[in-house]
Amino acid sequence: MFELAELAEQAVLVHVNFPQEASTEDLQELKMLVASAGVLSLQVLSTNRQAPDAKFFIGSGKAAELAELTAELNANVVIFNHELSPSQTRNLERLCQVRVIDRTSLILDIFAQRARTYEGKLQVELAQLQHLASRLIRGFDNERQKGGIGLRGPGETQLETDRRLLRERVKGLKQRLEKMTRQREQGRRARQRSEQPVISIVGYTNAGKSTLFNRVTQAGVYAADQLFATLDPTLRKILLPQFGEAILADTVGFIRHLPHDLVAAFKSTLQETRDADIQLHVIDVADERREENIRQVQLVLQEIDAAHIPQLWVFNKIDQLGQLPRIEYNELGLPKAVYLSALTGEGIGLLQQALVALLSQQHIQLSLLLPPDAANWRARLFQLQAVQQEAYLENGDCLLQIHLSAAQWARLQKQSEQQIENYIVSQTVF
């Protein structure tokens, strides 16, 4: 009935309180989503129900009230904080005479605004088309059959044509994304062969992930106080004191009831989270819903098979509560949480200290005797800041005393064709 590309700016929000849901929290999040989409919220219509109505979701009485309210406020869109069926959407649009969208469509619209890279745009389009596939409806002229000279016969209805074109487009998008996934996988394997560990930032949307990423890397990634401010993943090298280089990856934020189409489309992007050595789980310590947000993030991590990666919890925005930066340790004496402010920079040093402790749980002290043709190993060890002493013998060999983590040593052994074990004079693990 209405063009999906139609731009709506003034909306009436609809929220239903079901007994089994934490509805108050969801309503606040809907308002944030609407603001992030650049839509003006005119009024919220709330109601209580035991179960959704099959025809209008909110019942015929509330649907009539919604139609009157929409006309009175001159709104041009109605946004539901729930997922509607195609028939419910169609019935509400006929009654209200404005476009009706559900929570999934709203999130997809925000993602479409935020996508910047070619891969991100393809992923958003794929998710939109998969969501649209079940919502193609029959209009008054959709039963017209194609024909003409040499093409007589039943032909194909407009609805069937739309579905066929949609299937072809989805197939083409999947093929392009598979090619880009293979290219991304090559880069990931190259990083795994190197000596640099990968640290992935995860967390609920608007928890301050991009602000923390910018503070640590000076990358200048776009960050704003809105949901899904950044969508495309960004990777940067960082230098950790007394450890060496690592790769920090900023990823898309998670949210309650994240649409399954989106999770499927963004699995290649979220692969960075699955293959990381450590996950930095950023949490907004000032958010009253932080416990629920933590649970939602863990659920999404389970869905993308990334729940097994070691986590360091980062409680961000301590400046809003007047707290001091600190590190919390587990029963093994390893860091489990860091309290900091990415905005002011308080506690960033403690975060680096905690990361080094987790990446260096087991250390190795080595004496290496490198011949002149192994100068590349010397350069690599200095790059890792692992060299403690250096001396040259009369024959030109270089004697190095190095100290590094077991994880770094394992990566060094994998990444080169030369066998560094042949140069070991002594080795101590502690």
# chains A, B, ... in the order shown; residues from 1 in each chain; ligands from 1
>>> residues_around(residues="Arg176 of chain A", least_positions_apart="2", cutoff="12 Å", atoms="only C-alpha atoms", output="NGL selection string")
:A and (118-123 or 126 or 169-174 or 178-183)
>>> closest_atom_pairs(of="segment 272-343 of chain A", to="segment 359-375 of chain A", cutoff="10 Å", atoms="only C-alpha atoms", output="Markdown table")
| residue | atom | partner | partner_atom | distance |
| --- | --- | --- | --- | --- |
| A:Asp277 | CA | A:Leu359 | CA | 8.2 |
| A:Ile278 | CA | A:Leu359 | CA | 8.2 |
| A:Leu334 | CA | A:Gln361 | CA | 8.3 |
>>> write_last_selection(atoms="N, CA, C and O atoms", output="mmCIF file, in the first residue's frame")
data_model
loop_
_atom_site.group_PDB
_atom_site.id
_atom_site.type_symbol
_atom_site.label_atom_id
_atom_site.label_comp_id
_atom_site.auth_asym_id
_atom_site.auth_seq_id
_atom_site.Cartn_x
_atom_site.Cartn_y
_atom_site.Cartn_z
ATOM 1 N N ASP A 277 41.550 -13.529 20.434
ATOM 2 C CA ASP A 277 42.205 -14.133 21.604
ATOM 3 C C ASP A 277 41.500 -13.716 22.891
ATOM 4 O O ASP A 277 41.411 -14.490 23.841
ATOM 5 N N ILE A 278 41.029 -12.462 22.922
ATOM 6 C CA ILE A 278 40.329 -11.917 24.092
ATOM 7 C C ILE A 278 39.180 -11.051 23.602
ATOM 8 O O ILE A 278 39.310 -10.329 22.613
ATOM 9 N N LEU A 334 43.941 -13.383 38.152
ATOM 10 C CA LEU A 334 43.936 -12.774 36.818
ATOM 11 C C LEU A 334 42.855 -11.703 36.739
ATOM 12 O O LEU A 334 41.802 -11.827 37.384
#
>>> residues_around(residues="segment 244-257 of chain A", least_positions_apart="5", cutoff="7 Å", atoms="only C-alpha atoms", output="short mmCIF file (atom, residue, chain, number, x, y, z; two decimals) with N, CA and C atoms, in the first residue's frame")
data_model
loop_
_atom_site.label_atom_id
_atom_site.label_comp_id
_atom_site.auth_asym_id
_atom_site.auth_seq_id
_atom_site.Cartn_x
_atom_site.Cartn_y
_atom_site.Cartn_z
N GLN A 196 50.83 -11.46 16.35
CA GLN A 196 50.02 -10.45 17.01
C GLN A 196 48.66 -11.02 17.44
N PRO A 197 48.34 -10.98 18.74
CA PRO A 197 47.02 -11.43 19.20
C PRO A 197 45.94 -10.45 18.78
N VAL A 198 44.71 -10.94 18.69
CA VAL A 198 43.57 -10.12 18.30
C VAL A 198 42.67 -9.92 19.51
N ILE A 199 42.32 -8.65 19.77
CA ILE A 199 41.43 -8.29 20.87
C ILE A 199 40.18 -7.68 20.26
N SER A 200 39.02 -8.29 20.50
CA SER A 200 37.77 -7.84 19.89
C SER A 200 36.91 -7.13 20.93
N ILE A 201 36.40 -5.95 20.56
CA ILE A 201 35.52 -5.20 21.45
C ILE A 201 34.07 -5.60 21.14
N VAL A 202 33.37 -6.09 22.16
CA VAL A 202 31.96 -6.43 22.01
C VAL A 202 31.19 -5.70 23.10
N GLY A 203 29.86 -5.73 22.99
CA GLY A 203 29.06 -5.09 24.01
C GLY A 203 27.74 -4.60 23.46
N TYR A 204 26.90 -4.15 24.38
CA TYR A 204 25.60 -3.62 23.99
C TYR A 204 25.79 -2.31 23.25
N THR A 205 24.90 -2.04 22.32
CA THR A 205 25.02 -0.81 21.55
C THR A 205 24.93 0.42 22.46
N SER A 210 33.08 2.39 20.57
CA SER A 210 33.86 3.16 19.61
C SER A 210 34.67 4.26 20.30
N PHE A 213 37.61 2.49 21.66
CA PHE A 213 38.48 2.15 20.53
C PHE A 213 39.30 3.37 20.11
N PHE A 228 23.72 2.05 17.55
CA PHE A 228 24.31 1.67 16.27
C PHE A 228 24.99 2.85 15.58
N THR A 230 28.10 3.12 14.94
CA THR A 230 29.00 2.52 13.96
C THR A 230 28.51 1.12 13.63
N LEU A 231 28.71 0.74 12.40
CA LEU A 231 28.22 -0.56 11.94
C LEU A 231 29.34 -1.43 11.39
N ASP A 232 30.21 -0.86 10.58
CA ASP A 232 31.26 -1.64 9.93
C ASP A 232 32.43 -1.86 10.89
N PRO A 233 33.03 -3.06 10.86
CA PRO A 233 34.16 -3.34 11.76
C PRO A 233 35.41 -2.56 11.37
N THR A 234 36.20 -2.21 12.37
CA THR A 234 37.45 -1.48 12.16
C THR A 234 38.55 -2.18 12.94
N LEU A 235 39.73 -2.38 12.31
CA LEU A 235 40.86 -3.03 12.96
C LEU A 235 42.04 -2.07 12.97
N ARG A 236 42.73 -1.99 14.10
CA ARG A 236 43.92 -1.15 14.23
C ARG A 236 44.96 -1.87 15.10
N LYS A 237 46.23 -1.58 14.81
CA LYS A 237 47.30 -2.09 15.66
C LYS A 237 47.46 -1.20 16.88
N ILE A 238 47.75 -1.83 18.02
CA ILE A 238 48.06 -1.08 19.24
C ILE A 238 49.35 -1.65 19.82
N LEU A 239 50.03 -0.84 20.62
CA LEU A 239 51.27 -1.26 21.26
C LEU A 239 51.04 -1.33 22.76
N GLN A 296 21.91 -10.10 27.32
CA GLN A 296 21.61 -10.06 25.89
C GLN A 296 22.87 -10.23 25.04
N VAL A 297 23.97 -9.61 25.47
CA VAL A 297 25.23 -9.75 24.74
C VAL A 297 25.70 -11.20 24.77
N GLN A 383 60.83 -5.72 17.84
CA GLN A 383 59.52 -5.15 17.60
C GLN A 383 58.54 -5.57 18.70
N LEU A 384 58.69 -6.77 19.21
CA LEU A 384 57.84 -7.26 20.29
C LEU A 384 58.28 -6.73 21.66
N GLN A 385 59.36 -5.97 21.70
CA GLN A 385 59.92 -5.46 22.96
C GLN A 385 60.25 -6.62 23.90
#
>>> atom_distance(atom1="atom CA of Ala112 of chain A", atom2="atom CA of Leu30 of chain A")
17.5 Å
>>> residues_around(residues="His15 of chain A", least_positions_apart="3", cutoff="8 Å", atoms="only C-alpha atoms", output="number ranges by chain")
A: 27, 44-47, 80-82
